[in-house]
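See below for entry_39.txt, which holds compact mmCIF, C-alpha atoms.
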# COMPACT_ATOMS: atom_id res chain seq x y z
CA MET M 6 0.00 0.00 0.00
CA LYS M 7 1.33 3.40 -0.94
CA ILE M 8 1.97 5.93 1.80
CA LYS M 9 -0.01 9.17 1.67
CA ASN M 10 1.90 12.39 1.07
CA SER M 11 -0.15 14.10 3.82
CA LEU M 12 2.18 12.52 6.36
CA GLY M 13 4.91 14.98 5.43
CA GLN M 14 4.77 17.12 8.52
CA ILE M 15 6.36 14.39 10.70
CA SER M 16 7.71 12.03 8.06
CA PHE M 17 10.48 9.61 9.06
CA GLY M 18 11.13 5.92 8.23
CA THR M 19 12.66 3.30 10.46
CA TYR M 20 16.11 2.15 9.41
CA ILE M 21 16.42 5.08 7.01
CA ILE M 22 19.80 5.78 8.53
CA LEU M 23 21.08 2.40 7.45
CA LEU M 24 19.03 1.88 4.30
CA ALA M 25 17.60 4.84 2.40
CA ILE M 26 20.82 6.83 2.10
CA VAL M 27 22.69 3.98 0.37
CA LEU M 28 20.05 2.13 -1.65
CA SER M 29 21.44 3.44 -4.92
CA SER M 30 23.95 0.59 -4.70
CA ALA M 31 21.20 -1.77 -5.90
CA GLY M 32 22.74 -1.87 -9.34
CA CYS M 33 25.82 -3.69 -8.05
CA ASN M 34 26.99 -6.45 -10.41
CA GLU M 35 27.90 -8.92 -7.65
CA THR M 36 26.10 -12.22 -8.14
CA ALA M 37 24.16 -13.56 -5.15
CA SER M 38 23.94 -17.29 -4.57
CA THR M 39 20.36 -18.60 -4.60
CA THR M 40 18.38 -21.61 -3.55
CA ASP M 41 15.66 -22.34 -6.09
CA ASN M 42 12.65 -24.54 -5.42
CA ASN M 43 9.01 -24.69 -6.39
CA THR M 44 6.51 -25.06 -3.58
CA VAL M 45 2.82 -24.65 -3.05
CA PHE M 46 2.20 -20.98 -2.29
CA LYS M 47 1.39 -19.96 1.27
CA PRO M 48 0.74 -16.40 2.51
CA HIS M 49 4.14 -14.73 2.68
CA PRO M 50 5.01 -11.26 4.04
CA GLY M 51 7.60 -10.76 1.31
CA VAL M 52 5.07 -10.51 -1.54
CA ALA M 53 2.64 -7.81 -2.61
CA GLY M 54 -0.84 -7.95 -1.13
CA PHE M 55 0.10 -9.74 2.09
CA ASP M 56 -2.54 -9.41 4.82
CA TRP M 57 -0.67 -7.46 7.51
CA GLY M 58 -3.59 -7.97 9.84
CA ASN M 59 -1.93 -11.36 10.41
CA ASP M 60 1.64 -10.13 10.76
CA PRO M 61 3.80 -13.11 11.88
CA LEU M 62 6.12 -10.73 13.77
CA GLU M 63 7.12 -11.97 17.23
CA VAL M 64 8.61 -9.78 19.95
CA SER M 65 9.51 -11.89 22.96
CA ILE M 66 11.59 -11.91 26.15
CA ASN M 67 13.99 -14.83 26.43
CA GLU M 68 13.40 -15.92 30.01
CA ALA M 69 16.17 -18.55 29.92
CA VAL M 70 19.03 -16.09 29.44
CA LEU M 71 17.50 -12.71 30.25
CA LYS M 72 19.61 -10.21 32.14
CA THR M 73 17.76 -7.01 32.95
CA ASP M 74 18.97 -4.09 35.01
CA MET M 75 15.65 -2.26 34.76
CA GLY M 76 12.32 -3.13 36.36
CA ARG M 77 10.55 -6.08 34.77
CA ASP M 78 7.22 -4.26 34.61
CA THR M 79 8.92 -1.53 32.59
CA LEU M 80 10.56 -4.07 30.28
CA ASP M 81 7.17 -5.64 29.58
CA LEU M 82 5.81 -2.22 28.57
CA ILE M 83 8.84 -1.64 26.32
CA LYS M 84 8.20 -5.00 24.65
CA GLU M 85 4.67 -3.90 23.75
CA ASP M 86 5.86 -0.60 22.25
CA LEU M 87 8.68 -2.40 20.41
CA TYR M 88 6.13 -4.68 18.77
CA THR M 89 4.18 -1.64 17.60
CA TYR M 90 7.38 -0.02 16.33
CA PHE M 91 8.38 -3.04 14.23
CA HIS M 92 4.84 -3.94 13.10
CA THR M 93 4.14 -0.46 11.77
CA MET M 94 7.49 -0.53 9.99
CA ASN M 95 6.59 -3.86 8.40
CA THR M 96 3.18 -2.90 7.05
CA GLY M 97 4.14 0.37 5.34
CA ASP M 98 0.50 1.44 5.64
CA SER M 99 0.02 5.21 5.80
CA LEU M 100 -2.04 5.16 9.00
CA ASP M 101 0.37 2.70 10.59
CA TRP M 102 3.24 4.99 9.67
CA GLU M 103 1.66 7.77 11.70
CA THR M 104 1.75 5.44 14.70
CA HIS M 105 5.25 4.26 13.83
CA LEU M 106 6.60 7.79 13.85
CA THR M 107 5.38 8.35 17.39
CA HIS M 108 8.04 5.80 18.38
CA PHE M 109 10.85 7.88 16.91
CA PRO M 110 12.26 10.31 19.53
CA LEU M 111 10.66 13.43 18.12
CA HIS M 112 10.94 14.98 21.58
CA MET M 113 14.68 15.36 20.84
CA PHE M 114 14.45 16.41 17.19
CA ASN M 115 13.53 19.68 15.50
CA ASP M 116 14.77 19.34 11.90
CA THR M 117 11.48 18.56 10.17
CA ALA M 118 12.99 19.24 6.74
CA MET M 119 15.50 16.43 7.23
CA LEU M 120 12.76 14.05 8.36
CA ASN M 121 10.72 14.89 5.27
CA LYS M 122 13.68 14.20 3.00
CA GLN M 123 14.49 10.85 4.56
CA PHE M 124 10.84 9.79 4.55
CA ALA M 125 10.60 10.60 0.84
CA GLU M 126 13.54 8.24 0.23
CA THR M 127 11.78 5.48 2.14
CA VAL M 128 8.57 5.90 0.11
CA HIS M 129 10.58 5.96 -3.12
CA TRP M 130 12.21 2.57 -2.47
CA ARG M 131 9.04 0.94 -1.20
CA ASP M 132 7.32 1.94 -4.44
CA LYS M 133 10.19 0.36 -6.36
CA GLY M 134 9.68 -2.96 -4.58
CA PHE M 135 12.23 -2.84 -1.78
CA LEU M 136 10.89 -3.67 1.69
CA ASN M 137 12.52 -4.20 5.07
CA ARG M 138 10.83 -6.08 7.89
CA MET M 139 11.49 -7.60 11.25
CA GLY M 140 10.36 -11.20 11.62
CA LYS M 141 11.32 -11.74 15.25
CA ALA M 142 13.02 -9.88 18.08
CA ASP M 143 13.93 -12.05 21.08
CA ILE M 144 15.05 -9.80 23.94
CA LYS M 145 17.96 -11.13 26.00
CA TYR M 146 19.37 -8.03 27.67
CA ALA M 147 18.07 -4.74 29.03
CA SER M 148 20.37 -2.16 30.59
CA ASN M 149 19.51 0.21 33.38
CA TRP M 150 18.55 3.77 32.47
CA ILE M 151 20.97 6.63 31.95
CA ILE M 152 19.35 9.97 32.75
CA GLU M 153 20.16 12.90 30.48
CA GLU M 154 18.80 16.43 30.86
CA ASP M 155 15.25 15.74 29.72
CA GLN M 156 15.15 12.06 28.82
CA MET M 157 16.11 8.57 29.95
CA VAL M 158 18.02 6.19 27.66
CA ALA M 159 18.64 2.43 27.82
CA ILE M 160 19.69 -0.32 25.40
CA LEU M 161 18.22 -3.70 24.55
CA GLY M 162 20.18 -6.68 23.27
CA TYR M 163 18.13 -9.13 21.22
CA ASN M 164 18.30 -11.81 18.57
CA ALA M 165 16.99 -10.31 15.35
CA ASP M 166 15.27 -12.18 12.54
CA PHE M 167 15.42 -9.47 9.85
CA TYR M 168 14.65 -9.42 6.13
CA LEU M 169 15.26 -7.24 3.10
CA ASP M 170 12.51 -8.27 0.66
CA PHE M 171 12.47 -7.64 -3.10
CA LEU M 172 9.11 -7.68 -4.87
CA PRO M 173 8.99 -9.01 -8.46
CA HIS M 174 9.03 -5.48 -9.96
CA PHE M 175 12.25 -4.55 -8.13
CA GLU M 176 14.64 -3.68 -10.97
CA GLY M 177 17.96 -3.56 -9.12
CA ASN M 178 20.29 -6.39 -8.22
CA PRO M 179 19.56 -7.67 -4.69
CA ALA M 180 23.23 -8.59 -4.36
CA GLY M 181 24.00 -4.88 -4.09
CA MET M 182 22.16 -4.79 -0.77
CA ARG M 183 24.33 -7.39 0.90
CA PHE M 184 26.75 -4.93 2.50
CA LEU M 185 23.86 -3.24 4.33
CA LEU M 186 23.23 -6.35 6.39
CA GLU M 187 26.90 -7.26 6.66
CA ASP M 188 27.58 -3.88 8.26
CA LYS M 189 24.76 -4.30 10.76
CA TYR M 190 24.66 -8.04 11.47
CA GLY M 191 27.98 -9.49 10.27
CA ARG M 192 28.98 -11.39 7.12
CA ASP M 193 28.48 -14.84 8.63
CA ASN M 194 24.94 -14.12 9.83
CA ILE M 195 23.19 -13.39 6.55
CA ILE M 196 21.93 -15.47 3.64
CA PHE M 197 20.19 -14.76 0.33
CA ASN M 198 17.00 -16.73 -0.41
CA SER M 199 15.26 -17.04 -3.75
CA SER M 200 12.32 -19.26 -4.60
CA GLU M 201 9.39 -19.49 -6.96
CA GLU M 202 6.08 -20.54 -5.51
CA VAL M 203 2.79 -21.29 -7.25
CA ASN M 204 -0.39 -19.72 -5.94
CA ALA M 205 -3.93 -21.07 -6.03
CA LEU M 206 -4.48 -19.58 -9.51
CA GLY M 207 -1.44 -21.33 -10.90
CA ASP M 208 0.62 -18.15 -11.16
CA THR M 209 4.32 -18.26 -10.31
CA ILE M 210 5.27 -15.97 -7.43
CA SER M 211 8.88 -14.86 -7.04
CA ILE M 212 10.15 -14.54 -3.46
CA ARG M 213 13.59 -13.02 -2.87
CA ASN M 214 15.15 -11.70 0.29
CA TRP M 215 18.28 -11.22 2.32
CA HIS M 216 17.80 -12.72 5.77
CA ALA M 217 19.81 -11.90 8.89
CA ASP M 218 19.71 -14.00 12.05
CA ALA M 219 21.99 -12.37 14.63
CA TYR M 220 22.37 -10.59 17.94
CA SER M 221 21.66 -6.88 17.64
CA THR M 222 20.91 -3.86 19.79
CA ILE M 223 18.38 -1.07 19.85
CA PHE M 224 18.28 2.07 21.99
CA VAL M 225 15.20 2.89 24.06
CA LEU M 226 14.44 6.53 24.89
CA LYS M 227 11.66 8.20 26.82
CA PRO M 228 10.93 11.66 28.19
CA LEU M 229 11.46 11.91 31.95
CA GLU M 230 7.77 12.26 32.79
CA SER M 231 6.40 9.73 30.29
CA MET M 232 6.11 5.97 29.85
CA HIS M 233 5.91 6.27 26.06
CA PHE M 234 8.96 4.50 24.63
CA THR M 235 10.78 5.45 21.45
CA PHE M 236 13.56 3.62 19.64
CA LEU M 237 16.74 4.17 17.66
CA PRO M 238 18.41 1.40 15.66
CA GLN M 239 22.04 0.49 15.95
CA GLY M 240 24.04 2.92 13.78
CA PHE M 241 21.70 5.92 14.17
CA ASN M 242 24.74 8.05 15.01
CA LYS M 243 25.92 7.81 11.39
CA ALA M 244 23.22 10.32 10.43
CA ASN M 245 24.24 13.97 10.61
CA PHE M 246 21.49 14.60 13.18
CA GLY M 247 22.48 11.67 15.40
CA ALA M 248 24.21 13.88 17.95
CA ASP M 249 20.91 15.65 18.60
CA LEU M 250 19.24 12.49 19.90
CA MET M 251 21.49 11.45 22.78
CA LYS M 252 24.90 12.28 24.17
CA SER M 253 27.80 10.37 22.63
CA GLU M 254 29.03 9.25 26.05
CA THR M 255 25.59 7.81 26.79
CA MET M 256 25.59 5.87 23.53
CA LEU M 257 29.10 4.51 24.10
CA ASP M 258 28.39 3.47 27.69
CA LEU M 259 25.26 1.60 26.66
CA MET M 260 26.96 -0.09 23.72
CA ARG M 261 29.72 -1.27 26.05
CA LEU M 262 27.16 -2.83 28.39
CA ALA M 263 25.46 -4.64 25.49
CA ARG M 264 28.80 -5.96 24.23
CA GLU M 265 29.73 -7.20 27.69
CA TYR M 266 26.45 -9.10 27.90
CA LYS M 267 26.98 -10.64 24.45
CA LYS M 268 30.47 -11.71 25.47
CA SER M 269 29.17 -13.28 28.67
CA ILE M 270 26.56 -15.43 26.94
CA THR M 271 28.97 -16.41 24.17
CA ASN M 272 31.50 -17.62 26.72
CA GLY M 273 28.73 -19.32 28.64
CA GLY M 274 27.55 -21.21 25.59
CA ASN M 275 24.02 -19.71 25.47
What is this structure when it is put down as structure tokens?
Amino acid sequence: MKIKNSLGQISFGTYIILLAIVLSSAGCNETASTTDNNTVFKPHPGVAGFDWGNDPLEVSINEAVLKTDMGRDTLDLIKEDLYTYFHTMNTGDSLDWETHLTHFPLHMFNDTAMLNKQFAETVHWRDKGFLNRMGKADIKYASNWIIEEDQMVAILGYNADFYLDFLPHFEGNPAGMRFLLEDKYGRDNIIFNSSEEVNALGDTISIRNWHADAYSTIFVLKPLESMHFTFLPQGFNKANFGADLMKSETMLDLMRLAREYKKSITNGGN
């Protein structure tokens, strides 16, 4: 579904920092390895017309290995808002985008012109058949809060099940998108999938995506007097407005905590 232009006054797309600015690389000539097979078609979120009312997205808390330095009641509330954040990214619906944008830390951002520009890039690539979606986020770590002047910031560590989908009318080479996921999730944690499935009408449906299955992090922010949680993906600081969203020392301290947790579970075999 196309996104309405009336959203311009607060327009901003999730993962634009990592995706929209560099999508012109889609014409890369690198050849991606594929796995081809014909199967009976089932509803798939990587094809046009998918019913997002039945989004298979899962946001969970991994009780077996969870380490949380914040209150559990608060973490449960964050999980609910994180589901909304990812779900409204996945659907791309105009009304859902309005909800999605409420989970970007607008309380720390004033450059509406920059938001409009980045949102236009997101709409452009969705129309060309490039989609990004979260399939699952399994929370394993939650830091304590760091209080800044007018907000509180924490970090979550989670296993991400993330996809870059390419609809049949996508004209670029999906191989050119590989470095986007390598930069975020690591070379050994991504794979390219390609298949052709047959629907009930006998039509062949092309399904192509890059899939990442890896540990990742996401920052959680909230105003001091609110329990409305907003989120920033790993790498947000690469944008020229990143410094406006949290202090660099806060970001570095939280990233260190998330790395220490990852190291502890790796050494522990979990």
To box region 59-66 of chain M, take all atoms listed in the file, fit an axis-aligned box, add 3 Å on each side, and give centre and edge lengths in Å to one decimal, as AutoDock Vina command-line options.
--center_x 4.8 --center_y -11.4 --center_z 18.3 --size_x 19.5 --size_y 9.3 --size_z 21.7
Hey, which of M:His216, M:Lys267, M:Arg192, M:His108 ends up closest to Met232 (chain M)? Count only C-alpha atoms.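 Residue with the minimum atom-to-atom distance to Met232 (chain M): M:His108.
Using only C-alpha atoms, the protein and nucleic acid residues lying at most 10 Å from the point (11.9, -7.5, 20.5) are Leu62, Glu63, Val64, Ser65, Ile66, Asn67, Ile83, Lys84, Glu85, Asp86, Leu87, Tyr88, Tyr90, Phe91, Met139, Gly140, Lys141, Ala142, Asp143, Ile144, Lys145, Leu161, Gly162, Tyr163, Asn164, Ala165, Asp166, Thr222 and Ile223 of chain M.
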Name the closest residue to His129 (chain M) among the candidates M:Phe175, M:Gly207, M:Ala263, M:Thr96; distances are taken between atoms, counting all atoms listed in the file. M:Phe175
One decimal, Å: what's the distance from CA of Leu100 (chain M) over to CA of Val52 (chain M), could you say?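 Rounded to one decimal, the two atoms are 20.2 Å apart.
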Counting all atoms listed in the file, what is within 10 Å of Met113 (chain M), bar same-chain residues fewer than 6 positions away, as a compact mmCIF listing (two decimals) with C-alpha atoms, in the frame of the given file?
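Now in out_10.txt:
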# COMPACT_ATOMS: atom_id res chain seq x y z
CA ASP M 155 15.25 15.74 29.72
CA GLN M 156 15.15 12.06 28.82
CA LEU M 226 14.44 6.53 24.89
CA LYS M 227 11.66 8.20 26.82
CA PRO M 228 10.93 11.66 28.19
CA ASP M 249 20.91 15.65 18.60
CA LEU M 250 19.24 12.49 19.90
CA MET M 251 21.49 11.45 22.78
Could you tell me how far CA of Gly134 (chain M) lies from CA of Gly181 (chain M), in Å and to one decimal? 14.5 Å
